[in-house]
file query15.cif (mmCIF, C-alpha atoms and all ligand atoms)
data_input
#
loop_
_atom_site.label_atom_id
_atom_site.label_comp_id
_atom_site.auth_asym_id
_atom_site.auth_seq_id
_atom_site.Cartn_x
_atom_site.Cartn_y
_atom_site.Cartn_z
CA MET A 1 0.00 0.00 0.00
CA LYS A 2 1.42 3.34 -1.05
CA LEU A 3 0.55 6.03 1.50
CA ASN A 4 0.86 9.66 0.41
CA ALA A 5 0.04 12.59 2.67
CA LYS A 6 -0.84 16.18 1.92
CA TYR A 7 -3.20 18.05 4.20
CA MET A 8 -6.23 19.99 3.00
CA THR A 9 -5.18 23.14 4.81
CA ARG A 10 -7.69 25.30 2.91
CA ASN A 11 -10.65 23.16 4.03
CA ASP A 12 -12.59 24.68 6.96
CA CYS A 13 -12.42 21.29 8.69
CA PHE A 14 -8.64 21.56 8.78
CA THR A 15 -8.65 25.17 9.96
CA ALA A 16 -11.20 24.30 12.69
CA GLY A 17 -8.21 22.51 14.23
CA LYS A 18 -10.12 20.15 16.55
CA LYS A 19 -8.30 17.05 17.76
CA ILE A 20 -9.71 13.62 18.58
CA ALA A 21 -8.36 10.49 20.24
CA PRO A 22 -9.38 7.98 17.54
CA ASN A 23 -11.16 4.92 18.93
CA GLY A 24 -12.54 3.61 15.68
CA ILE A 25 -12.40 3.73 11.90
CA MET A 26 -15.39 4.45 9.67
CA VAL A 27 -15.18 3.13 6.13
CA HIS A 28 -17.01 5.04 3.41
CA SER A 29 -17.15 4.90 -0.34
CA THR A 30 -17.34 8.02 -2.46
CA ALA A 31 -20.52 7.49 -4.53
CA THR A 32 -18.62 9.37 -7.22
CA PRO A 33 -17.69 6.95 -10.01
CA GLY A 34 -14.19 7.24 -11.41
CA VAL A 35 -12.79 9.96 -9.18
CA MET A 36 -9.60 8.52 -7.70
CA ALA A 37 -7.78 9.25 -4.43
CA ALA A 38 -5.39 11.86 -5.80
CA ASP A 39 -8.22 13.73 -7.54
CA TRP A 40 -9.99 14.63 -4.32
CA PHE A 41 -7.38 17.13 -3.17
CA SER A 42 -8.33 19.81 -5.69
CA ARG A 43 -12.04 19.07 -5.18
CA TRP A 44 -12.07 19.42 -1.42
CA ASN A 45 -9.16 21.64 -0.47
CA LYS A 46 -11.52 24.58 -0.49
CA SER A 47 -13.15 26.84 2.07
CA TYR A 48 -16.93 26.86 2.46
CA LYS A 49 -16.70 30.03 4.54
CA ALA A 50 -14.88 31.79 1.70
CA GLY A 51 -17.55 30.62 -0.75
CA GLU A 52 -15.20 28.33 -2.67
CA THR A 53 -17.39 25.23 -2.26
CA ASN A 54 -20.96 24.46 -1.28
CA ARG A 55 -20.08 21.49 0.93
CA GLN A 56 -18.63 21.26 4.42
CA VAL A 57 -16.91 17.93 4.35
CA CYS A 58 -13.46 16.43 4.84
CA VAL A 59 -12.17 12.91 5.49
CA HIS A 60 -8.83 11.61 6.67
CA ALA A 61 -7.96 9.62 3.59
CA PHE A 62 -9.05 8.32 0.20
CA VAL A 63 -8.12 4.85 -1.00
CA ASP A 64 -8.19 3.57 -4.58
CA ASN A 65 -6.75 0.57 -6.41
CA LYS A 66 -3.29 2.13 -6.57
CA GLU A 67 -2.67 4.23 -3.50
CA VAL A 68 -3.85 6.03 -0.39
CA TRP A 69 -3.95 9.78 -0.06
CA GLN A 70 -4.11 11.09 3.50
CA TYR A 71 -5.63 14.58 3.66
CA LEU A 72 -6.01 15.15 7.42
CA PRO A 73 -3.81 14.15 10.38
CA TRP A 74 -5.33 10.97 11.81
CA ASN A 75 -6.02 12.65 15.17
CA HIS A 76 -7.74 15.65 13.56
CA ARG A 77 -11.53 15.72 13.90
CA GLY A 78 -12.93 14.97 10.45
CA TRP A 79 -16.25 15.91 8.90
CA HIS A 80 -17.08 12.60 7.28
CA CYS A 81 -20.21 11.08 8.77
CA GLY A 82 -22.64 13.82 9.78
CA GLY A 83 -22.91 12.52 13.35
CA THR A 84 -21.06 12.08 16.62
CA GLY A 85 -18.85 9.49 14.91
CA ASN A 86 -16.78 12.49 13.81
CA ASN A 87 -15.65 12.85 17.44
CA THR A 88 -14.29 9.33 17.63
CA HIS A 89 -13.71 7.80 14.21
CA ILE A 90 -11.09 8.20 11.55
CA GLY A 91 -12.94 8.45 8.23
CA ILE A 92 -11.63 6.78 5.10
CA GLU A 93 -13.26 6.82 1.66
CA ILE A 94 -12.82 4.02 -0.84
CA CYS A 95 -13.00 5.44 -4.36
CA GLU A 96 -15.49 3.78 -6.69
CA PRO A 97 -14.55 2.81 -10.25
CA ALA A 98 -15.79 4.60 -13.37
CA GLY A 99 -18.46 3.35 -15.76
CA PHE A 100 -21.75 3.52 -13.91
CA SER A 101 -24.13 6.05 -12.42
CA TYR A 102 -26.35 6.46 -9.41
CA GLY A 103 -30.08 6.00 -9.49
CA LYS A 104 -32.42 6.56 -6.60
CA GLY A 105 -30.69 6.65 -3.20
CA SER A 106 -27.57 4.54 -3.31
CA THR A 107 -28.53 2.28 -6.23
CA MET A 108 -25.66 1.67 -8.61
CA VAL A 109 -26.94 1.70 -12.21
CA GLY A 110 -24.96 -0.05 -14.94
CA TYR A 111 -22.31 -1.35 -12.55
CA ASN A 112 -20.47 -4.21 -14.27
CA ILE A 113 -19.42 -6.56 -11.49
CA SER A 114 -17.02 -8.78 -13.43
CA GLU A 115 -15.30 -5.83 -15.13
CA ASN A 116 -14.87 -4.10 -11.80
CA GLU A 117 -13.77 -7.16 -9.81
CA SER A 118 -10.08 -6.49 -10.32
CA TYR A 119 -10.40 -2.82 -9.31
CA PHE A 120 -12.47 -3.80 -6.29
CA ARG A 121 -9.93 -6.40 -5.06
CA LYS A 122 -7.04 -3.96 -5.26
CA ALA A 123 -8.94 -1.14 -3.56
CA TRP A 124 -10.20 -3.60 -0.91
CA LYS A 125 -6.65 -4.78 -0.21
CA ASN A 126 -5.38 -1.20 0.16
CA ALA A 127 -8.28 -0.36 2.50
CA VAL A 128 -7.55 -3.45 4.62
CA GLU A 129 -3.86 -2.55 4.80
CA LEU A 130 -4.65 1.03 5.78
CA CYS A 131 -6.99 -0.19 8.53
CA VAL A 132 -4.34 -2.62 9.82
CA ARG A 133 -1.85 0.21 9.98
CA LEU A 134 -4.31 2.46 11.83
CA CYS A 135 -5.29 -0.35 14.22
CA ARG A 136 -1.64 -0.75 15.17
CA GLU A 137 -1.07 2.97 15.56
CA TYR A 138 -4.15 3.57 17.70
CA GLU A 139 -4.34 0.20 19.48
CA LEU A 140 -7.60 -0.70 17.78
CA THR A 141 -8.92 -4.05 16.64
CA GLU A 142 -11.05 -5.04 13.66
CA GLU A 143 -14.06 -4.72 15.97
CA ASP A 144 -13.49 -0.97 16.07
CA ILE A 145 -14.07 -0.72 12.33
CA ILE A 146 -17.55 0.08 10.99
CA CYS A 147 -18.89 1.45 7.73
CA HIS A 148 -21.05 4.54 7.32
CA SER A 149 -24.31 2.52 7.11
CA GLU A 150 -23.41 0.65 10.31
CA GLY A 151 -22.67 4.01 11.94
CA ALA A 152 -26.17 5.16 10.94
CA LYS A 153 -27.70 2.05 12.51
CA ILE A 154 -26.05 2.73 15.86
CA GLY A 155 -26.95 6.41 15.69
CA ILE A 156 -23.53 8.01 15.25
CA ALA A 157 -23.73 8.83 11.54
CA SER A 158 -26.14 10.22 8.97
CA ASN A 159 -28.38 7.87 6.98
CA HIS A 160 -26.11 6.70 4.15
CA GLY A 161 -25.84 3.27 2.57
CA ASP A 162 -22.07 3.08 2.02
CA VAL A 163 -20.31 0.71 1.85
CA MET A 164 -23.04 -1.94 2.05
CA HIS A 165 -24.60 -0.79 -1.23
CA TRP A 166 -21.35 -1.86 -2.93
CA PHE A 167 -19.39 -4.57 -1.10
CA PRO A 168 -22.09 -7.28 -1.49
CA LYS A 169 -21.87 -6.96 -5.30
CA HIS A 170 -18.43 -8.56 -4.93
CA GLY A 171 -19.52 -11.09 -2.33
CA GLU A 172 -18.18 -9.11 0.58
CA ASN A 173 -19.58 -7.24 3.54
CA MET A 174 -18.27 -5.46 6.61
CA ASP A 175 -17.85 -8.73 8.52
CA SER A 176 -15.60 -10.14 5.83
CA PHE A 177 -13.73 -6.83 5.73
CA ARG A 178 -13.15 -6.99 9.49
CA ALA A 179 -12.09 -10.63 9.17
CA ALA A 180 -9.51 -9.62 6.55
CA VAL A 181 -8.14 -6.93 8.87
CA ARG A 182 -8.04 -9.39 11.76
CA ALA A 183 -6.21 -12.00 9.65
CA THR A 184 -3.45 -9.52 8.84
CA LEU A 185 -3.27 -8.21 12.40
CA ASN A 186 -2.97 -11.75 13.79
CA LYS A 187 -0.39 -12.80 11.24
CA SER A 188 2.19 -10.31 12.30
CA SER A 189 1.68 -9.64 15.96
CA THR A 190 2.74 -11.60 19.00
CA PRO A 191 0.17 -12.84 21.50
CA PRO A 192 -0.51 -10.51 24.38
CA ASN A 193 1.73 -10.75 27.40
CA LEU A 194 -0.05 -11.50 30.61
CA PRO A 195 1.12 -9.14 33.32
CA LEU A 196 3.01 -10.82 36.13
CA GLY A 197 1.60 -14.27 35.54
CA ILE A 198 -1.97 -13.35 36.45
CA GLN A 199 -4.39 -14.92 34.04
CA VAL A 200 -8.04 -14.81 33.14
CA GLY A 201 -9.87 -17.18 35.45
CA ASP A 202 -7.54 -16.74 38.43
CA LEU A 203 -9.20 -16.37 41.82
CA VAL A 204 -7.67 -13.44 43.69
CA GLU A 205 -7.99 -11.55 46.93
CA VAL A 206 -7.49 -7.80 47.32
CA LYS A 207 -4.85 -7.12 49.97
CA ALA A 208 -6.38 -5.67 53.14
CA THR A 209 -3.78 -2.88 53.31
CA VAL A 210 -4.64 -1.41 49.92
CA ASN A 211 -6.80 1.72 49.66
CA SER A 212 -7.36 2.52 46.00
CA TYR A 213 -7.76 0.41 42.85
CA TYR A 214 -4.64 2.01 41.39
CA PRO A 215 -2.71 5.22 42.06
CA GLY A 216 -5.23 8.04 41.68
CA GLY A 217 -8.13 5.59 41.30
CA ALA A 218 -11.31 5.21 43.36
CA THR A 219 -11.24 4.01 46.98
CA ILE A 220 -11.85 0.29 47.38
CA PRO A 221 -14.87 -0.40 49.61
CA THR A 222 -13.94 -2.57 52.61
CA TRP A 223 -16.28 -5.43 51.62
CA VAL A 224 -14.37 -5.89 48.39
CA LYS A 225 -11.35 -6.80 50.53
CA THR A 226 -12.99 -8.65 53.41
CA ASP A 227 -16.05 -10.52 52.11
CA SER A 228 -15.09 -11.76 48.67
CA TYR A 229 -12.54 -13.28 46.42
CA HIS A 230 -12.68 -12.11 42.82
CA VAL A 231 -12.24 -13.74 39.45
CA VAL A 232 -9.91 -12.10 36.93
CA THR A 233 -11.89 -11.61 33.71
CA GLN A 234 -9.54 -9.57 31.53
CA VAL A 235 -5.79 -8.98 31.59
CA VAL A 236 -5.25 -7.09 28.35
CA SER A 237 -7.15 -4.67 26.16
CA ASN A 238 -6.51 -4.52 22.44
CA ARG A 239 -3.81 -7.11 23.01
CA LYS A 240 -1.85 -4.85 25.36
CA PRO A 241 -1.49 -4.63 29.12
CA VAL A 242 -3.76 -2.01 30.65
CA LEU A 243 -1.99 0.77 32.53
CA LYS A 244 -3.81 2.95 35.05
CA GLY A 245 -2.03 5.39 37.34
CA GLY A 246 1.17 3.99 35.92
CA LYS A 247 0.41 0.45 37.13
CA THR A 248 -0.46 -2.69 35.20
CA CYS A 249 -4.10 -3.51 35.92
CA VAL A 250 -6.43 -6.46 35.45
CA LEU A 251 -10.21 -6.50 35.40
CA LEU A 252 -12.03 -8.25 38.23
CA GLY A 253 -15.40 -9.69 37.25
CA LYS A 254 -17.34 -12.26 39.27
CA LYS A 255 -16.97 -12.26 43.03
CA VAL A 256 -16.91 -15.36 45.22
CA ASN A 257 -18.13 -15.22 48.82
CA LYS A 258 -15.23 -16.19 51.07
CA LYS A 259 -17.45 -18.07 53.52
CA THR A 260 -20.01 -19.73 51.27
CA GLY A 261 -18.04 -20.02 48.01
CA ILE A 262 -21.09 -18.71 46.18
CA GLU A 263 -20.33 -16.82 42.96
CA SER A 264 -22.19 -13.66 41.97
CA ALA A 265 -21.87 -10.61 39.73
CA GLY A 266 -18.65 -8.82 40.59
CA ILE A 267 -17.16 -5.36 40.81
CA MET A 268 -16.02 -5.10 37.16
CA SER A 269 -13.19 -2.74 38.06
CA TRP A 270 -9.63 -2.51 36.79
CA ILE A 271 -7.19 -2.95 39.62
CA ASP A 272 -3.41 -2.76 40.05
CA VAL A 273 -2.00 -6.32 39.97
CA ASP A 274 0.26 -5.45 42.92
CA THR A 275 -2.81 -5.11 45.15
CA LEU A 276 -3.77 -8.74 44.53
CA THR A 277 -2.89 -12.08 46.04
CA VAL A 278 -3.60 -15.11 43.86
CA ILE A 279 -5.69 -17.58 45.85
CA LYS A 280 -6.12 -20.14 43.12
CA SER A 281 -4.48 -20.04 39.72
CA LYS A 282 -6.63 -21.35 36.90
CA LYS A 283 -3.76 -23.18 35.29
CA PRO A 284 0.00 -22.80 35.17
CA PRO A 285 0.91 -20.35 32.42
CA ASP A 286 2.32 -22.29 29.48
CA ASN A 287 5.69 -20.67 29.81
CA GLN A 288 5.96 -21.52 33.50
CA LYS A 289 5.21 -25.24 33.39
CA LEU A 290 7.27 -27.05 36.00
CA TYR A 291 8.36 -30.66 35.71
CA ARG A 292 9.68 -32.03 39.00
CA VAL A 293 11.92 -35.05 39.43
CA GLN A 294 11.63 -36.99 42.65
CA VAL A 295 14.55 -39.20 43.65
CA GLY A 296 13.25 -40.88 46.80
CA ALA A 297 10.51 -41.09 49.44
CA PHE A 298 11.44 -41.89 53.05
CA SER A 299 9.58 -42.40 56.28
CA ASN A 300 12.73 -41.56 58.19
CA LYS A 301 13.78 -37.90 57.89
CA GLU A 302 17.46 -38.71 58.45
CA ASN A 303 17.54 -40.92 55.38
CA ALA A 304 16.01 -38.14 53.34
CA GLU A 305 18.60 -35.68 54.62
CA ALA A 306 21.39 -38.10 53.80
CA LEU A 307 20.21 -38.40 50.22
CA LEU A 308 19.83 -34.64 49.94
CA LYS A 309 23.44 -34.22 51.06
CA LYS A 310 24.54 -36.75 48.48
CA LEU A 311 22.60 -34.96 45.72
CA LYS A 312 24.02 -31.58 46.67
CA SER A 313 27.55 -32.87 46.69
CA ALA A 314 26.91 -34.39 43.29
CA GLY A 315 26.13 -30.87 42.02
CA PHE A 316 22.31 -30.84 42.30
CA THR A 317 22.37 -27.69 44.42
CA ASP A 318 18.65 -26.91 43.88
CA ALA A 319 17.56 -30.21 45.48
CA PHE A 320 15.17 -29.91 48.42
CA ILE A 321 13.12 -32.00 50.82
CA LYS A 322 9.35 -31.73 50.73
ZN ZN A 401 -20.16 7.81 3.84
#

call {"tool": "encode", "arguments": {"input": "query15.cif", "output": "structure tokens"}}
result
Amino acid sequence: MKLNAKYMTRNDCFTAGKKIAPNGIMVHSTATPGVMAADWFSRWNKSYKAGETNRQVCVHAFVDNKEVWQYLPWNHRGWHCGGTGNNTHIGIEICEPAGFSYGKGSTMVGYNISENESYFRKAWKNAVELCVRLCREYELTEEDIICHSEGAKIGIASNHGDVMHWFPKHGENMDSFRAAVRATLNKSSTPPNLPLGIQVGDLVEVKATVNSYYPGGATIPTWVKTDSYHVVTQVVSNRKPVLKGGKTCVLLGKKVNKKTGIESAGIMSWIDVDTLTVIKSKKPPDNQKLYRVQVGAFSNKENAEALLKKLKSAGFTDAFIK
């Protein structure tokens, strides 16, 4: 994927200068047959306020079958979806091929599927690669990717049909798009590290001496420490350890009554791993599997001690009596 960047500094969206912390990507398609990624710069690098254009719109990037053109910094608030999705989502537009027109709504008229298959595959691949790159940069997953029509369904975007008026013509949809992003993300990333050996499913106790969930976090109610054990339900987010107040945290879900052993809905709070004592580990982490070798069992302690001495003198200095 060839990524070019040139910002639309004349566009009122750029000069508005609002920043966002991207927590998703919204995929659009242009509904403008044959206008490719590089062509959009001259079309949209204009000021509505100065009367140079009749539209107030700007997206982060356009993708076609050859390249990507980035027109806004990724953390700049875009004007791409006509809803609150602009506050959270990076907007990318996939350019549509030439040779057809639009009828009512988002109906493609005269769209030749087989002739456009090759264009579609290349543009699709570039869009997937761009999304993978953005997922890595902003610690997102494929689940954080939606299209404009999905955004409309969940109430964060205006009522447009893209890209689901187009993808199905080529046997694809947003689920298969997300799967393609996930496949590439999985291929080239290592599995998440579990902080300090604590794993999902471990039963833990919150140390009695601890006051807050993490430095600067909320105060832990006494009952959380005295009445219940807790089950660890999450140790990473977006495949990375979760840091709060500078400490590695895990999420505690279900609670288990210390006296009765009865499980119930838990506190669902992130908590510093250093505040926890593991009561029961679900299973030994794969990388910490221990294989022990026993060399004798004695009813007389002196015999055991004699063998231990022999082992130590033979160089087995880690030997011990249990
Ligand atoms: Zn759209």

call {"tool": "atom_distance", "arguments": {"input": "query15.cif", "atom1": "CA of Gly266 in chain A", "atom2": "CA of Gly253 in chain A"}}
result
4.7 Å

call {"tool": "atom_distance", "arguments": {"input": "query15.cif", "atom1": "CA of Trp270 in chain A", "atom2": "CA of Glu205 in chain A"}}
result
13.7 Å

call {"tool": "atom_distance", "arguments": {"input": "query15.cif", "atom1": "CA of Val273 in chain A", "atom2": "CA of Pro241 in chain A"}}
result
11.0 Å

call {"tool": "residues_near_ligand", "arguments": {"input": "query15.cif", "ligand": "ligand ZN 401 (chain A)", "cutoff": "10 Å", "atoms": "all atoms listed in the file", "output": "mmCIF file with C-alpha atoms, in the frame of the given file"}}
result
data_model
loop_
_atom_site.group_PDB
_atom_site.id
_atom_site.type_symbol
_atom_site.label_atom_id
_atom_site.label_comp_id
_atom_site.auth_asym_id
_atom_site.auth_seq_id
_atom_site.Cartn_x
_atom_site.Cartn_y
_atom_site.Cartn_z
ATOM 1 C CA MET A 26 -15.390 4.450 9.670
ATOM 2 C CA VAL A 27 -15.180 3.130 6.130
ATOM 3 C CA HIS A 28 -17.010 5.040 3.410
ATOM 4 C CA SER A 29 -17.150 4.900 -0.340
ATOM 5 C CA THR A 30 -17.340 8.020 -2.460
ATOM 6 C CA ALA A 31 -20.520 7.490 -4.530
ATOM 7 C CA VAL A 59 -12.170 12.910 5.490
ATOM 8 C CA HIS A 80 -17.080 12.600 7.280
ATOM 9 C CA CYS A 81 -20.210 11.080 8.770
ATOM 10 C CA GLY A 82 -22.640 13.820 9.780
ATOM 11 C CA GLY A 91 -12.940 8.450 8.230
ATOM 12 C CA ILE A 92 -11.630 6.780 5.100
ATOM 13 C CA GLU A 93 -13.260 6.820 1.660
ATOM 14 C CA ILE A 94 -12.820 4.020 -0.840
ATOM 15 C CA CYS A 147 -18.890 1.450 7.730
ATOM 16 C CA HIS A 148 -21.050 4.540 7.320
ATOM 17 C CA SER A 149 -24.310 2.520 7.110
ATOM 18 C CA GLY A 151 -22.670 4.010 11.940
ATOM 19 C CA ALA A 152 -26.170 5.160 10.940
ATOM 20 C CA ALA A 157 -23.730 8.830 11.540
ATOM 21 C CA SER A 158 -26.140 10.220 8.970
ATOM 22 C CA ASN A 159 -28.380 7.870 6.980
ATOM 23 C CA HIS A 160 -26.110 6.700 4.150
ATOM 24 C CA GLY A 161 -25.840 3.270 2.570
ATOM 25 C CA ASP A 162 -22.070 3.080 2.020
ATOM 26 C CA VAL A 163 -20.310 0.710 1.850
#

call {"tool": "residues_near_point", "arguments": {"input": "query15.cif", "point": "(-8.9, 10.0, -5.2)", "cutoff": "8 Å", "atoms": "all atoms listed in the file", "output": "VMD selection string"}}
result
chain A and resid 35 to 41 62 to 64 69 95

call {"tool": "closest_residue", "arguments": {"input": "query15.cif", "among": "A:Ile279, A:Gly34, A:Asp272, A:Gly103", "to": "Val242 in chain A", "atoms": "all atoms listed in the file"}}
result
A:Asp272

call {"tool": "axis_aligned_box", "arguments": {"input": "query15.cif", "around": "range 148-161 of chain A", "padding_each_side": "8 Å", "output": "JSON"}}
result
{"center_x": -24.7, "center_y": 5.4, "center_z": 9.2, "size_x": 23.3, "size_y": 25.6, "size_z": 29.3}

call {"tool": "residues_around", "arguments": {"input": "query15.cif", "residues": "Asp227 in chain A", "least_positions_apart": "5", "cutoff": "10 Å", "atoms": "only C-alpha atoms", "output": "list in words"}}
result
Glu205, Thr222, Lys255, Val256, Asn257, Lys258 and Lys259 of chain A

call {"tool": "residues_near_point", "arguments": {"input": "query15.cif", "point": "(-15.3, -9.3, 11.0)", "cutoff": "12 Å", "atoms": "only C-alpha atoms", "output": "ChimeraX atom specification"}}
result
/A:128,141-147,172-183

call {"tool": "closest_residue", "arguments": {"input": "query15.cif", "among": "A:Ser47, A:Ser212, A:Thr233, A:Ser42", "to": "Arg10 in chain A", "atoms": "only C-alpha atoms"}}
result
A:Ser47

call {"tool": "closest_residue", "arguments": {"input": "query15.cif", "among": "A:Thr32, A:Phe316, A:Leu307, A:Ala208", "to": "Ser101 in chain A", "atoms": "all atoms listed in the file"}}
result
A:Thr32

call {"tool": "closest_residue", "arguments": {"input": "query15.cif", "among": "A:Val231, A:Val250, A:Ala5, A:Leu72", "to": "Lys18 in chain A", "atoms": "all atoms listed in the file"}}
result
A:Leu72

call {"tool": "closest_residue", "arguments": {"input": "query15.cif", "among": "A:Lys153, A:Lys244, A:Arg133, A:Lys2", "to": "Lys66 in chain A", "atoms": "all atoms listed in the file"}}
result
A:Lys2

call {"tool": "closest_residue", "arguments": {"input": "query15.cif", "among": "A:Arg136, A:Lys19, A:His76, A:Lys49", "to": "Asn238 in chain A", "atoms": "only C-alpha atoms"}}
result
A:Arg136
